[in-house]
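Engineer: Please find target.pdb (PDB, C-alpha atoms) on the next line:
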ATOM      1  CA  MET S   9       8.868 -74.195 -76.058
ATOM      2  CA  ASN S  10       7.507 -71.146 -77.890
ATOM      3  CA  ALA S  11      10.079 -70.565 -80.654
ATOM      4  CA  GLU S  12       8.475 -67.275 -81.746
ATOM      5  CA  TRP S  13       8.852 -65.794 -78.245
ATOM      6  CA  GLN S  14      12.516 -66.813 -78.166
ATOM      7  CA  GLU S  15      13.170 -65.358 -81.638
ATOM      8  CA  GLN S  16      11.508 -62.075 -80.622
ATOM      9  CA  PHE S  17      13.544 -62.023 -77.410
ATOM     10  CA  LEU S  18      16.758 -62.644 -79.352
ATOM     11  CA  LEU S  19      15.904 -59.864 -81.827
ATOM     12  CA  GLN S  20      15.143 -57.429 -79.002
ATOM     13  CA  LEU S  21      18.450 -58.242 -77.296
ATOM     14  CA  ARG S  22      20.332 -57.810 -80.585
ATOM     15  CA  ILE S  23      18.682 -54.403 -81.088
ATOM     16  CA  ARG S  24      19.888 -53.458 -77.596
ATOM     17  CA  GLU S  25      23.411 -54.585 -78.553
ATOM     18  CA  VAL S  26      23.659 -57.327 -75.946
ATOM     19  CA  SER S  27      26.638 -59.627 -76.727
ATOM     20  CA  GLY S  28      26.059 -63.016 -78.364
ATOM     21  CA  SER S  29      27.381 -64.919 -75.345
ATOM     22  CA  ARG S  30      25.097 -62.971 -72.968
ATOM     23  CA  ILE S  31      22.103 -63.586 -75.272
ATOM     24  CA  GLY S  32      22.900 -67.309 -75.192
ATOM     25  CA  ASP S  33      23.055 -67.158 -71.392
ATOM     26  CA  LEU S  34      19.700 -65.345 -71.112
ATOM     27  CA  LEU S  35      17.963 -67.703 -73.555
ATOM     28  CA  ALA S  36      19.329 -70.727 -71.688
ATOM     29  CA  GLU S  37      18.014 -69.227 -68.424
ATOM     30  CA  VAL S  38      14.536 -68.884 -69.956
ATOM     31  CA  GLN S  39      14.605 -72.429 -71.348
ATOM     32  CA  ALA S  40      15.852 -73.961 -68.068
ATOM     33  CA  HIS S  41      13.282 -72.046 -65.986
ATOM     34  CA  CYS S  42      10.392 -73.015 -68.280
ATOM     35  CA  ALA S  43      11.553 -76.673 -68.262
ATOM     36  CA  ASP S  44      11.514 -76.606 -64.434
ATOM     37  CA  THR S  45       8.164 -74.844 -63.980
ATOM     38  CA  GLY S  46       6.256 -76.115 -67.024
ATOM     39  CA  GLU S  47       5.308 -72.517 -67.802
ATOM     40  CA  SER S  48       5.484 -70.955 -71.256
ATOM     41  CA  PRO S  49       7.950 -68.069 -71.722
ATOM     42  CA  GLU S  50       4.986 -65.631 -71.915
ATOM     43  CA  GLN S  51       3.625 -66.858 -68.584
ATOM     44  CA  ALA S  52       6.968 -66.725 -66.797
ATOM     45  CA  PHE S  53       8.656 -63.742 -68.451
ATOM     46  CA  GLY S  54       5.866 -61.709 -70.112
ATOM     47  CA  ASP S  55       6.375 -59.675 -73.266
ATOM     48  CA  PRO S  56       9.782 -60.450 -74.887
ATOM     49  CA  ALA S  57      10.528 -56.765 -75.620
ATOM     50  CA  THR S  58       9.744 -55.702 -72.038
ATOM     51  CA  TYR S  59      11.809 -58.544 -70.588
ATOM     52  CA  ALA S  60      14.712 -57.772 -72.949
ATOM     53  CA  ALA S  61      14.588 -54.137 -71.768
ATOM     54  CA  ALA S  62      14.612 -55.312 -68.117
ATOM     55  CA  VAL S  63      17.665 -57.578 -68.466
ATOM     56  CA  SER S  64      19.651 -55.315 -70.774
ATOM     57  CA  GLY S  65      19.077 -52.070 -68.881
ATOM     58  CA  ASN S  66      17.568 -50.682 -72.114
ATOM     59  CA  ARG S  67      21.060 -49.804 -73.310
ATOM     60  CA  ARG S  68      21.957 -49.024 -76.916
ATOM     61  CA  THR S  69      25.406 -47.666 -77.463
ATOM     62  CA  THR S  70      25.416 -47.158 -81.245
ATOM     63  CA  PRO S  71      23.840 -43.790 -82.107
ATOM     64  CA  LEU S  72      20.957 -43.942 -84.578
ATOM     65  CA  TRP S  73      22.828 -41.790 -87.115
ATOM     66  CA  ARG S  74      25.473 -44.525 -87.339
ATOM     67  CA  VAL S  75      22.793 -47.181 -87.850
ATOM     68  CA  GLY S  76      21.480 -45.059 -90.739
ATOM     69  CA  LEU S  77      24.977 -44.650 -92.169
ATOM     70  CA  GLN S  78      25.597 -48.406 -92.014
ATOM     71  CA  ALA S  79      22.268 -49.070 -93.759
ATOM     72  CA  ALA S  80      23.030 -46.518 -96.472
ATOM     73  CA  VAL S  81      26.505 -48.015 -97.000
ATOM     74  CA  GLY S  82      24.954 -51.503 -97.279
ATOM     75  CA  VAL S  83      22.465 -50.305 -99.902
ATOM     76  CA  ILE S  84      25.204 -48.415-101.795
ATOM     77  CA  ALA S  85      27.403 -51.547-101.784
ATOM     78  CA  ALA S  86      24.682 -53.948-102.971
ATOM     79  CA  GLY S  87      23.182 -51.478-105.445
ATOM     80  CA  GLY S  88      26.628 -50.496-106.731
ATOM     81  CA  VAL S  89      27.520 -54.142-107.420
ATOM     82  CA  LEU S  90      24.283 -54.596-109.410
ATOM     83  CA  LEU S  91      24.796 -51.366-111.383
ATOM     84  CA  ALA S  92      28.431 -52.254-112.104
ATOM     85  CA  VAL S  93      27.519 -55.765-113.265
ATOM     86  CA  GLY S  94      24.804 -54.267-115.499
ATOM     87  CA  GLY S  95      27.317 -51.780-116.904
ATOM     88  CA  LEU S  96      29.939 -54.491-117.561
ATOM     89  CA  ALA S  97      27.352 -56.718-119.235
ATOM     90  CA  ALA S  98      26.160 -53.891-121.482
ATOM     91  CA  GLY S  99      29.700 -52.640-122.133
ATOM     92  CA  SER S 100      28.796 -49.187-120.857
ATOM     93  CA  PRO S 101      29.366 -47.088-117.730
ATOM     94  CA  ALA S 102      27.115 -47.684-114.725
ATOM     95  CA  VAL S 103      24.380 -45.067-114.572
ATOM     96  CA  ILE S 104      23.211 -44.041-111.106
ATOM     97  CA  SER S 105      19.581 -42.950-111.313
ATOM     98  CA  ALA S 106      17.515 -40.572-109.175
ATOM     99  CA  GLY S 107      15.552 -43.619-107.944
ATOM    100  CA  GLY S 108      18.779 -45.253-106.759
ATOM    101  CA  VAL S 109      19.795 -42.145-104.818
ATOM    102  CA  ALA S 110      16.296 -42.024-103.299
ATOM    103  CA  VAL S 111      16.594 -45.642-102.069
ATOM    104  CA  VAL S 112      19.953 -44.877-100.402
ATOM    105  CA  LEU S 113      18.523 -41.796 -98.672
ATOM    106  CA  LEU S 114      15.387 -43.654 -97.578
ATOM    107  CA  ALA S 115      17.485 -46.501 -96.163
ATOM    108  CA  GLY S 116      19.624 -43.986 -94.262
ATOM    109  CA  VAL S 117      16.556 -42.391 -92.679
ATOM    110  CA  GLY S 118      14.114 -45.315 -92.534
ATOM    111  CA  VAL S 119      16.324 -48.083 -91.111
ATOM    112  CA  PRO S 120      17.180 -46.140 -87.892
ATOM    113  CA  LEU S 121      13.464 -45.403 -87.429
ATOM    114  CA  VAL S 122      12.578 -49.081 -87.888
ATOM    115  CA  PHE S 123      15.462 -50.012 -85.585
ATOM    116  CA  ARG S 124      14.178 -47.664 -82.897
ATOM    117  CA  GLY S 125      10.569 -48.728 -83.399
ATOM    118  CA  LEU S 126      11.377 -52.446 -83.093
ATOM    119  CA  GLY S 127      13.046 -51.773 -79.747
ATOM    120  CA  ASP S 128       9.985 -49.954 -78.357
ATOM    121  CA  THR S 129       7.997 -51.793 -75.731
ATOM    122  CA  GLY S 130       4.809 -49.740 -76.072
ATOM    123  CA  PRO S 131       1.943 -49.787 -78.592
ATOM    124  CA  SER S 132       3.959 -47.712 -81.090
ATOM    125  CA  ARG S 133       5.399 -50.892 -82.589
ATOM    126  CA  TRP S 134       2.600 -51.147 -85.183
ATOM    127  CA  TRP S 135       3.893 -48.200 -87.192
ATOM    128  CA  THR S 136       7.280 -49.911 -87.451
ATOM    129  CA  GLN S 137       5.672 -52.713 -89.481
ATOM    130  CA  VAL S 138       4.033 -50.117 -91.764
ATOM    131  CA  LEU S 139       7.341 -48.282 -92.220
ATOM    132  CA  LEU S 140       9.138 -51.542 -92.979
ATOM    133  CA  LEU S 141       6.587 -52.399 -95.689
ATOM    134  CA  LEU S 142       6.884 -48.892 -97.179
ATOM    135  CA  MET S 143      10.668 -49.219 -97.265
ATOM    136  CA  LEU S 144      10.472 -52.581 -99.018
ATOM    137  CA  GLY S 145       8.081 -50.942-101.495
ATOM    138  CA  THR S 146      10.615 -48.217-102.299
ATOM    139  CA  ALA S 147      13.017 -50.894-103.620
ATOM    140  CA  VAL S 148      11.255 -50.450-106.997
ATOM    141  CA  ALA S 149      12.170 -46.724-107.105
ATOM    142  CA  PRO S 150      15.270 -47.242-109.344
ATOM    143  CA  VAL S 151      13.046 -49.030-111.895
ATOM    144  CA  LEU S 152      10.312 -46.362-111.887
ATOM    145  CA  TRP S 153      12.494 -43.254-111.588
ATOM    146  CA  ARG S 154      15.325 -43.660-114.067
ATOM    147  CA  THR S 155      16.437 -40.038-114.475
ATOM    148  CA  PRO S 156      20.279 -40.304-114.724
ATOM    149  CA  VAL S 157      22.237 -38.519-112.009
ATOM    150  CA  VAL S 158      25.803 -39.608-112.716
ATOM    151  CA  SER S 159      27.729 -42.146-114.830
ATOM    152  CA  VAL S 160      30.582 -44.098-113.257
ATOM    153  CA  PRO S 161      33.081 -46.522-114.890
ATOM    154  CA  ALA S 162      31.703 -49.981-114.202
ATOM    155  CA  ALA S 163      34.904 -51.903-113.311
ATOM    156  CA  PRO S 164      36.188 -49.548-110.536
ATOM    157  CA  LEU S 165      32.636 -49.283-109.173
ATOM    158  CA  LEU S 166      32.447 -53.089-108.964
ATOM    159  CA  VAL S 167      35.767 -53.314-107.088
ATOM    160  CA  VAL S 168      34.836 -50.593-104.590
ATOM    161  CA  CYS S 169      31.289 -51.813-103.977
ATOM    162  CA  ALA S 170      32.254 -55.501-103.759
ATOM    163  CA  GLY S 171      34.894 -54.531-101.179
ATOM    164  CA  LEU S 172      32.289 -52.543 -99.222
ATOM    165  CA  LEU S 173      29.881 -55.464 -99.399
ATOM    166  CA  VAL S 174      32.476 -57.902 -98.034
ATOM    167  CA  ALA S 175      33.256 -55.435 -95.213
ATOM    168  CA  VAL S 176      29.552 -55.037 -94.336
ATOM    169  CA  PHE S 177      29.049 -58.813 -94.513
ATOM    170  CA  ALA S 178      32.096 -59.579 -92.335
ATOM    171  CA  ARG S 179      30.953 -57.024 -89.739
ATOM    172  CA  GLY S 180      27.717 -58.917 -89.188
ATOM    173  CA  HIS S 181      29.475 -62.195 -88.339
ATOM    174  CA  ARG S 182      31.576 -61.269 -85.375
ATOM    175  CA  ASP S 183      29.345 -62.142 -82.464
ATOM    176  CA  PRO S 184      27.407 -65.431 -82.718
ATOM    177  CA  VAL S 185      24.837 -66.449 -80.080
ATOM    178  CA  ILE S 186      26.195 -69.384 -78.075
ATOM    179  CA  ASP S 187      24.283 -71.578 -75.628
ATOM    180  CA  PRO S 188      26.553 -71.963 -72.549
ATOM    181  CA  ARG S 189      25.271 -75.525 -72.045
ATOM    182  CA  THR S 190      26.074 -76.860 -75.500
ATOM    183  CA  GLY S 191      28.480 -74.369 -77.075
ATOM    184  CA  ARG S 192      26.081 -74.147 -80.046
ATOM    185  CA  ASP S 193      23.411 -71.765 -81.324
ATOM    186  CA  PRO S 194      20.431 -72.153 -78.936
ATOM    187  CA  LEU S 195      17.668 -71.859 -81.558
ATOM    188  CA  LEU S 196      19.147 -73.272 -84.761
ATOM    189  CA  GLY S 197      20.411 -76.713 -85.695
ATOM    190  CA  PRO S 198      24.101 -77.012 -86.608
ATOM    191  CA  TRP S 199      23.442 -76.793 -90.363
ATOM    192  CA  GLN S 200      20.951 -73.938 -90.043
ATOM    193  CA  ALA S 201      23.428 -72.014 -87.885
ATOM    194  CA  ARG S 202      26.129 -72.504 -90.517
ATOM    195  CA  LEU S 203      23.912 -71.566 -93.469
ATOM    196  CA  LEU S 204      21.969 -68.641 -91.959
ATOM    197  CA  PRO S 205      24.832 -66.103 -92.138
ATOM    198  CA  TRP S 206      25.056 -66.799 -95.883
ATOM    199  CA  LEU S 207      21.346 -66.139 -96.449
ATOM    200  CA  PRO S 208      21.806 -62.567 -97.804
ATOM    201  CA  VAL S 209      24.209 -63.970-100.425
ATOM    202  CA  VAL S 210      21.419 -65.956-102.143
ATOM    203  CA  PRO S 211      19.144 -63.059-103.261
ATOM    204  CA  LEU S 212      22.191 -60.982-104.172
ATOM    205  CA  THR S 213      23.621 -63.783-106.326
ATOM    206  CA  ILE S 214      20.237 -64.223-108.026
ATOM    207  CA  ALA S 215      19.981 -60.447-108.612
ATOM    208  CA  VAL S 216      23.534 -60.266-110.022
ATOM    209  CA  THR S 217      22.885 -63.237-112.347
ATOM    210  CA  LEU S 218      19.567 -61.791-113.574
ATOM    211  CA  THR S 219      21.168 -58.357-114.101
ATOM    212  CA  TRP S 220      23.985 -59.927-116.133
ATOM    213  CA  PHE S 221      21.678 -61.895-118.428
ATOM    214  CA  LEU S 222      19.058 -59.144-118.814
ATOM    215  CA  THR S 223      21.483 -56.344-119.654
ATOM    216  CA  ARG S 224      24.313 -58.018-121.581
ATOM    217  CA  ASN S 225      24.796 -57.218-125.225
ATOM    218  CA  PRO S 226      24.228 -60.218-127.465
TER     219      PRO S 226
ATOM    220  CA  MET Y  10       2.130 -70.260 -44.029
ATOM    221  CA  ASP Y  11      -0.316 -69.389 -46.834
ATOM    222  CA  ASN Y  12       1.861 -69.657 -49.959
ATOM    223  CA  GLU Y  13      -0.838 -68.328 -52.319
ATOM    224  CA  ARG Y  14      -1.341 -65.121 -50.385
ATOM    225  CA  THR Y  15      -0.575 -61.938 -52.314
ATOM    226  CA  TRP Y  16       0.974 -58.835 -50.783
ATOM    227  CA  PRO Y  17       1.042 -55.250 -52.039
ATOM    228  CA  ALA Y  18       3.550 -55.172 -54.914
ATOM    229  CA  GLU Y  19       5.578 -52.358 -53.346
ATOM    230  CA  TRP Y  20       6.177 -54.410 -50.187
ATOM    231  CA  LEU Y  21       7.618 -57.230 -52.271
ATOM    232  CA  ARG Y  22       9.750 -54.823 -54.307
ATOM    233  CA  GLY Y  23      11.237 -53.426 -51.101
ATOM    234  CA  VAL Y  24      12.224 -56.756 -49.598
ATOM    235  CA  LEU Y  25      12.720 -59.110 -52.562
ATOM    236  CA  GLU Y  26      16.424 -58.479 -53.082
ATOM    237  CA  LEU Y  27      17.233 -58.923 -49.403
ATOM    238  CA  CYS Y  28      15.148 -62.115 -49.196
ATOM    239  CA  THR Y  29      16.828 -63.460 -52.334
ATOM    240  CA  LEU Y  30      20.237 -62.839 -50.781
ATOM    241  CA  GLY Y  31      18.912 -64.679 -47.714
ATOM    242  CA  VAL Y  32      17.854 -67.682 -49.812
ATOM    243  CA  LEU Y  33      21.220 -67.721 -51.584
ATOM    244  CA  SER Y  34      23.056 -67.675 -48.243
ATOM    245  CA  ARG Y  35      21.682 -71.183 -47.547
ATOM    246  CA  GLY Y  36      23.912 -72.641 -50.249
ATOM    247  CA  LYS Y  37      24.335 -73.165 -53.967
ATOM    248  CA  THR Y  38      21.023 -73.173 -55.799
ATOM    249  CA  TYR Y  39      19.308 -72.211 -59.077
ATOM    250  CA  GLY Y  40      16.596 -69.796 -60.189
ATOM    251  CA  TYR Y  41      13.575 -72.063 -59.920
ATOM    252  CA  LEU Y  42      14.496 -73.163 -56.379
ATOM    253  CA  VAL Y  43      15.011 -69.529 -55.351
ATOM    254  CA  ALA Y  44      11.476 -68.764 -56.568
ATOM    255  CA  GLN Y  45      10.187 -71.838 -54.697
ATOM    256  CA  SER Y  46      11.917 -70.812 -51.469
ATOM    257  CA  LEU Y  47      10.468 -67.300 -51.701
ATOM    258  CA  GLN Y  48       7.008 -68.754 -52.271
ATOM    259  CA  ASP Y  49       7.411 -71.266 -49.429
ATOM    260  CA  ALA Y  50       8.319 -68.355 -47.142
ATOM    261  CA  GLY Y  51       4.945 -66.812 -47.943
ATOM    262  CA  LEU Y  52       6.094 -64.015 -50.228
ATOM    263  CA  GLY Y  53       3.868 -65.285 -53.042
ATOM    264  CA  ALA Y  54       4.722 -66.474 -56.557
ATOM    265  CA  VAL Y  55       7.680 -64.525 -57.965
ATOM    266  CA  LYS Y  56       7.657 -64.718 -61.764
ATOM    267  CA  GLY Y  57      10.787 -65.402 -63.801
ATOM    268  CA  GLY Y  58      10.430 -61.961 -65.373
ATOM    269  CA  THR Y  59      10.917 -60.403 -61.921
ATOM    270  CA  LEU Y  60      13.435 -62.832 -60.431
ATOM    271  CA  TYR Y  61      16.024 -63.240 -63.193
ATOM    272  CA  PRO Y  62      16.718 -59.532 -63.808
ATOM    273  CA  LEU Y  63      17.269 -59.235 -60.036
ATOM    274  CA  LEU Y  64      19.647 -62.234 -60.058
ATOM    275  CA  GLY Y  65      21.431 -60.670 -63.024
ATOM    276  CA  ARG Y  66      21.923 -57.423 -61.064
ATOM    277  CA  LEU Y  67      23.305 -59.362 -58.072
ATOM    278  CA  GLU Y  68      25.718 -61.158 -60.428
ATOM    279  CA  ARG Y  69      26.747 -57.893 -62.095
ATOM    280  CA  ASP Y  70      27.376 -56.284 -58.698
ATOM    281  CA  GLY Y  71      29.628 -59.188 -57.695
ATOM    282  CA  PHE Y  72      27.313 -60.533 -54.966
ATOM    283  CA  VAL Y  73      26.619 -63.802 -56.783
ATOM    284  CA  SER Y  74      28.818 -66.102 -58.843
ATOM    285  CA  THR Y  75      27.255 -68.388 -61.450
ATOM    286  CA  SER Y  76      28.115 -71.583 -63.290
ATOM    287  CA  TRP Y  77      26.210 -73.753 -65.791
ATOM    288  CA  GLU Y  78      26.058 -77.382 -64.737
ATOM    289  CA  ALA Y  79      24.391 -80.408 -66.318
ATOM    290  CA  GLY Y  80      20.950 -81.273 -64.902
ATOM    291  CA  ASP Y  81      19.542 -84.722 -64.088
ATOM    292  CA  GLY Y  82      18.661 -85.852 -67.596
ATOM    293  CA  GLY Y  83      17.223 -82.418 -68.412
ATOM    294  CA  PRO Y  84      18.846 -79.268 -69.698
ATOM    295  CA  GLY Y  85      21.717 -77.755 -67.732
ATOM    296  CA  ARG Y  86      20.993 -75.265 -64.998
ATOM    297  CA  LYS Y  87      22.617 -72.025 -64.007
ATOM    298  CA  TYR Y  88      23.735 -72.436 -60.410
ATOM    299  CA  LEU Y  89      24.087 -69.416 -58.169
ATOM    300  CA  GLU Y  90      26.341 -68.997 -55.180
ATOM    301  CA  LEU Y  91      26.743 -66.067 -52.829
ATOM    302  CA  THR Y  92      30.236 -64.523 -52.936
ATOM    303  CA  PRO Y  93      32.017 -63.133 -49.835
ATOM    304  CA  ALA Y  94      30.903 -59.670 -51.005
ATOM    305  CA  GLY Y  95      27.345 -61.045 -51.222
ATOM    306  CA  TYR Y  96      27.495 -62.300 -47.617
ATOM    307  CA  ALA Y  97      28.792 -58.936 -46.452
ATOM    308  CA  GLU Y  98      25.969 -57.212 -48.348
ATOM    309  CA  LEU Y  99      23.393 -59.553 -46.802
ATOM    310  CA  ILE Y 100      24.646 -58.798 -43.275
ATOM    311  CA  ARG Y 101      24.714 -55.051 -43.950
ATOM    312  CA  ARG Y 102      21.211 -54.952 -45.452
ATOM    313  CA  SER Y 103      19.767 -57.282 -42.790
ATOM    314  CA  ALA Y 104      20.901 -54.894 -40.055
ATOM    315  CA  GLN Y 105      19.430 -51.966 -42.018
ATOM    316  CA  TRP Y 106      16.153 -53.827 -42.532
ATOM    317  CA  ARG Y 107      15.787 -54.721 -38.856
ATOM    318  CA  GLU Y 108      16.364 -51.091 -37.918
ATOM    319  CA  PHE Y 109      13.812 -49.962 -40.516
ATOM    320  CA  LEU Y 110      11.306 -52.558 -39.342
ATOM    321  CA  ALA Y 111      11.712 -51.597 -35.667
ATOM    322  CA  GLY Y 112      10.978 -47.979 -36.546
ATOM    323  CA  ALA Y 113       7.978 -48.912 -38.687
ATOM    324  CA  GLN Y 114       6.569 -51.174 -35.966
ATOM    325  CA  THR Y 115       6.377 -48.304 -33.506
ATOM    326  CA  LEU Y 116       3.835 -46.672 -35.840
ATOM    327  CA  ILE Y 117       1.796 -49.751 -36.718
ATOM    328  CA  PRO Y 118      -1.168 -50.414 -34.393
ATOM    329  CA  PRO Y 119      -1.208 -53.797 -32.634
ATOM    330  CA  PRO Y 120      -3.621 -56.533 -33.821
ATOM    331  CA  ALA Y 121      -7.332 -55.712 -33.378
ATOM    332  CA  ASP Y 122      -7.750 -58.021 -30.314
ATOM    333  CA  SER Y 123      -4.919 -56.339 -28.400
ATOM    334  CA  ALA Y 124      -6.229 -52.892 -29.333
ATOM    335  CA  ASP Y 125      -9.711 -53.784 -28.078
ATOM    336  CA  GLN Y 126      -8.276 -55.161 -24.841
ATOM    337  CA  GLY Y 127      -6.245 -52.015 -24.413
ATOM    338  CA  ARG Y 128      -9.395 -49.875 -24.724
ATOM    339  CA  THR Y 129     -11.427 -51.983 -22.256
ATOM    340  CA  THR Y 130      -8.732 -52.116 -19.576
ATOM    341  CA  THR Y 131      -8.090 -48.347 -19.504
TER     342      THR Y 131
END
Please express what this file holds, its structure, as structure tokens.

Structural biologist:
Amino acid sequence: MNAEWQEQFLLQLRIREVSGSRIGDLLAEVQAHCADTGESPEQAFGDPATYAAAVSGNRRTTPLWRVGLQAAVGVIAAGGVLLAVGGLAAGSPAVISAGGVAVVLLAGVGVPLVFRGLGDTGPSRWWTQVLLLLMLGTAVAPVLWRTPVVSVPAAPLLVVCAGLLVAVFARGHRDPVIDPRTGRDPLLGPWQARLLPWLPVVPLTIAVTLTWFLTRNP
Amino acid sequence: MDNERTWPAEWLRGVLELCTLGVLSRGKTYGYLVAQSLQDAGLGAVKGGTLYPLLGRLERDGFVSTSWEAGDGGPGRKYLELTPAGYAELIRRSAQWREFLAGAQTLIPPPADSADQGRTTT
């Protein structure tokens, strides 16, 4: 069955804050119906975003300002850990640059817009992709715009930001999608389902390691 | 009955929920068979994208109870069963529908043959 349709449907339901167990139920319904009729999900259920809106009542309880705040906190936590590690390696305070502040502000404003755009069912979805690319591009801002804004002791910054990061990470793991027929994730194999939540840890670990070796005093 | 016949979409919208309750009153069933029964009754092909949100609303309103059960060698199916509140709702809406239909029929001209006969005999 069309895996891309199911992934899009799952994403659209997540954006609309449908619970993991309900998402599993809805996906199982789609799979069972398509197995019975021989239709593809597109033929039977149409556009995944439109169908997700129909079954979820288009609800979204978290206000967009809170989505922006969560994104900004996530960027502050990850960026703070990198800055603190760089500071500890160099034996100096962590210096927060104008570029770093810009990335936090852009995440706070841009992520809610992307979030809203991804949930749209109309033709406005194209600009969401453009915005997402622009936001990824702004990740280089701290490298290009190094004007110092404030210096912070590295060790306390590491403790605070690592704690924030753990809190953000733990928050994202509370509501897994469960297939009511199998008690497992409906789209991923058992190993994939176990490893996927740890995916953000890999780039962060690589970034921390690189920062340590590139900035440490010999 | 011509199962492939299509009706104006607004007619189907008006009667689909009541007809679905009617199908469910025949006994425990699942989504695909509900769609088949509606098609067999001549209402046309009802797509999953139309049927399942409706079934979800009936479940949310307490008119239908659901349970996942293993299929015959295939994936499990979500079985649907009308609750006592669902039966009561079916009876209430059926009475309403019949009343509505009786009123509408007083305004709808008879079939062309009868109308022609009426004109020639008067």

Engineer: Would you give me, as an NGL selection string, the residues of chain Y that come within 10 Å of chain S, using all atoms listed in the file?

Structural biologist: :Y and (39-42 or 45 or 55-66 or 76-80 or 83-87)

Engineer: Could you produce a table of the residues of segment 49-168 of chain S lying within 12 Å of segment 220-225 of chain S, with the nearest pair of atoms per residue and their separation in Å rounded to one decimal, using all atoms listed in the file, ordered by chain and increasing residue number, as a Markdown table?

Structural biologist:
| residue | atom | partner | partner_atom | distance |
| --- | --- | --- | --- | --- |
| S:Val89 | CA | S:Trp220 | CA | 11.0 |
| S:Leu90 | CA | S:Trp220 | CA | 8.6 |
| S:Leu91 | CA | S:Trp220 | CA | 9.8 |
| S:Ala92 | CA | S:Trp220 | CA | 9.7 |
| S:Val93 | CA | S:Trp220 | CA | 6.2 |
| S:Gly94 | CA | S:Thr223 | CA | 5.7 |
| S:Gly95 | CA | S:Thr223 | CA | 7.9 |
| S:Leu96 | CA | S:Arg224 | CA | 7.8 |
| S:Ala97 | CA | S:Arg224 | CA | 4.1 |
| S:Ala98 | CA | S:Arg224 | CA | 4.5 |
| S:Gly99 | CA | S:Asn225 | CA | 7.4 |
| S:Ser100 | CA | S:Arg224 | CA | 9.9 |
| S:Ala102 | CA | S:Thr223 | CA | 11.4 |

Engineer: Those same residues, written as a PDB file, keeping the file's coordinate frame with C-alpha atoms?

Structural biologist:
ATOM      1  CA  VAL S  89      27.520 -54.142-107.420  1.00  0.00           C
ATOM      2  CA  LEU S  90      24.283 -54.596-109.410  1.00  0.00           C
ATOM      3  CA  LEU S  91      24.796 -51.366-111.383  1.00  0.00           C
ATOM      4  CA  ALA S  92      28.431 -52.254-112.104  1.00  0.00           C
ATOM      5  CA  VAL S  93      27.519 -55.765-113.265  1.00  0.00           C
ATOM      6  CA  GLY S  94      24.804 -54.267-115.499  1.00  0.00           C
ATOM      7  CA  GLY S  95      27.317 -51.780-116.904  1.00  0.00           C
ATOM      8  CA  LEU S  96      29.939 -54.491-117.561  1.00  0.00           C
ATOM      9  CA  ALA S  97      27.352 -56.718-119.235  1.00  0.00           C
ATOM     10  CA  ALA S  98      26.160 -53.891-121.482  1.00  0.00           C
ATOM     11  CA  GLY S  99      29.700 -52.640-122.133  1.00  0.00           C
ATOM     12  CA  SER S 100      28.796 -49.187-120.857  1.00  0.00           C
ATOM     13  CA  ALA S 102      27.115 -47.684-114.725  1.00  0.00           C
TER      14      ALA S 102
END

Engineer: Quick one: which residues end up in the PyMOL selection byres ((chain S and resi 173-177) around 9) for this structure, as a PyMOL selection string?

Structural biologist: chain S and resi 78+81-82+84-86+89+168-172+178-181+205+208

Engineer: Write a file of the just-selected residues containing C-alpha atoms, as a PDB file, in the coordinates of the input.

Structural biologist:
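The resulting file, again.pdb, is shown below:
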ATOM      1  CA  GLN S  78      25.597 -48.406 -92.014  1.00  0.00           C
ATOM      2  CA  VAL S  81      26.505 -48.015 -97.000  1.00  0.00           C
ATOM      3  CA  GLY S  82      24.954 -51.503 -97.279  1.00  0.00           C
ATOM      4  CA  ILE S  84      25.204 -48.415-101.795  1.00  0.00           C
ATOM      5  CA  ALA S  85      27.403 -51.547-101.784  1.00  0.00           C
ATOM      6  CA  ALA S  86      24.682 -53.948-102.971  1.00  0.00           C
ATOM      7  CA  VAL S  89      27.520 -54.142-107.420  1.00  0.00           C
ATOM      8  CA  VAL S 168      34.836 -50.593-104.590  1.00  0.00           C
ATOM      9  CA  CYS S 169      31.289 -51.813-103.977  1.00  0.00           C
ATOM     10  CA  ALA S 170      32.254 -55.501-103.759  1.00  0.00           C
ATOM     11  CA  GLY S 171      34.894 -54.531-101.179  1.00  0.00           C
ATOM     12  CA  LEU S 172      32.289 -52.543 -99.222  1.00  0.00           C
ATOM     13  CA  ALA S 178      32.096 -59.579 -92.335  1.00  0.00           C
ATOM     14  CA  ARG S 179      30.953 -57.024 -89.739  1.00  0.00           C
ATOM     15  CA  GLY S 180      27.717 -58.917 -89.188  1.00  0.00           C
ATOM     16  CA  HIS S 181      29.475 -62.195 -88.339  1.00  0.00           C
ATOM     17  CA  PRO S 205      24.832 -66.103 -92.138  1.00  0.00           C
ATOM     18  CA  PRO S 208      21.806 -62.567 -97.804  1.00  0.00           C
TER      19      PRO S 208
END

Engineer: Go through Y:Pro119, Y:Ser34, Y:Ser46, Y:Leu67 one by one, measure the shortest atom-to-atom distance of each to Ile100 of chain Y using only C-alpha atoms, and give the residue with the smallest value.

Structural biologist: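 Between Y:Pro119, Y:Ser34, Y:Ser46, Y:Leu67, the residue approaching Ile100 of chain Y most closely is Y:Ser34.
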
Engineer: Mind telling me what the PyMOL selection byres ((chain S and resi 195) around 10) catches here, as a ChimeraX atom specification?

Structural biologist: /S:11,14-15,18,32,35,185-187,192-194,196-198,200-201

Engineer: Which of these residues is nearest to Leu52 of chain Y, using all atoms listed in the file: Y:Leu21, Y:Leu27, Y:Val73, Y:Ala121?

Structural biologist: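 Closest to Leu52 of chain Y, using all atoms listed in the file: Y:Leu21.
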
Engineer: Written as a ChimeraX atom specification, which residues does the PyMOL selection byres ((chain S and resi 158) around 10) give for the file shown?

Structural biologist: /S:101-106,155-157,159-160

Engineer: Find the distance between atom CA of Leu25 of chain Y and atom CA of Lys37 of chain Y and write it in Å to one decimal.

Structural biologist: 18.3 Å
